[in-house]
Amino acid sequence: MPLHPRRCSFLYSISCLLDAIDGIAARKFQQSTRFGAVLDMVTDRCTTTCLLVFLATAKPAYSMIFQGLISLDLASHYMHMYATLSMGGQGESHKNVSVERSWIMNIYYTNKVCFSQPSLHTYRHFLSHDIH
């Protein structure tokens, strides 16, 4: 399978940018729905999984780490979404987490450094190839 780091990095970055714009537009025009929130989370998990699988292919020595990251990403987001819905937060975004409820999830959803976590994977992939 040929690896195209520039194309992959570019398309993944565009995907993240469009995802952010879509979320901002939905909130601004008050068109947020529970279905949209779940769909957004599922598509985010799919794109992150695809990137990590691509990285595992590019760097087989680290494939176990990438597989662990995939499992952690899927399991943690599923548990958080399930907990939000079971606690009666059906009218709220799963991203509205108070410090009292979970300080680490509050940091994850409010800190712009955590927002760039998928960008870190892209950057790691981009640097893993000798690009001219």
# chains A, B, ... in the order shown; residues from 1 in each chain; ligands from 1

$ residues_around --residues "Gly23 in chain A" --least-positions-apart "2" --cutoff "12 Å" --atoms "only C-alpha atoms" --output "count of residues only"
23

$ closest_residue --among "A:Thr48, A:Thr84, A:Asn106, A:Thr57" --to "Ile70 in chain A" --atoms "only C-alpha atoms"
A:Thr48

$ closest_residue --among "A:Cys8, A:Ala61, A:Val42, A:Ile14" --to "Tyr78 in chain A" --atoms "only C-alpha atoms"
A:Val42

$ residues_around --residues "His77 in chain A" --least-positions-apart "5" --cutoff "9 Å" --atoms "only C-alpha atoms" --output "PyMOL selection string"
chain A and resi 41+45+72+82

$ write_last_selection --atoms "N, CA, C and O atoms" --output "short mmCIF file (atom, residue, chain, number, x, y, z; two decimals), in the first residue's frame"
data_model
loop_
_atom_site.label_atom_id
_atom_site.label_comp_id
_atom_site.auth_asym_id
_atom_site.auth_seq_id
_atom_site.Cartn_x
_atom_site.Cartn_y
_atom_site.Cartn_z
N MET A 41 -19.72 12.70 16.97
CA MET A 41 -18.78 11.90 17.75
C MET A 41 -18.36 10.65 16.97
O MET A 41 -17.18 10.30 16.94
N ARG A 45 -14.59 9.73 15.68
CA ARG A 45 -13.91 8.47 16.04
C ARG A 45 -13.46 7.74 14.77
O ARG A 45 -12.38 7.16 14.75
N LEU A 72 -8.59 3.14 23.36
CA LEU A 72 -8.82 4.17 24.38
C LEU A 72 -9.77 5.25 23.86
O LEU A 72 -10.69 5.66 24.56
N TYR A 82 -22.38 7.85 26.98
CA TYR A 82 -23.38 7.04 27.69
C TYR A 82 -23.66 7.63 29.07
O TYR A 82 -24.82 7.74 29.48
#
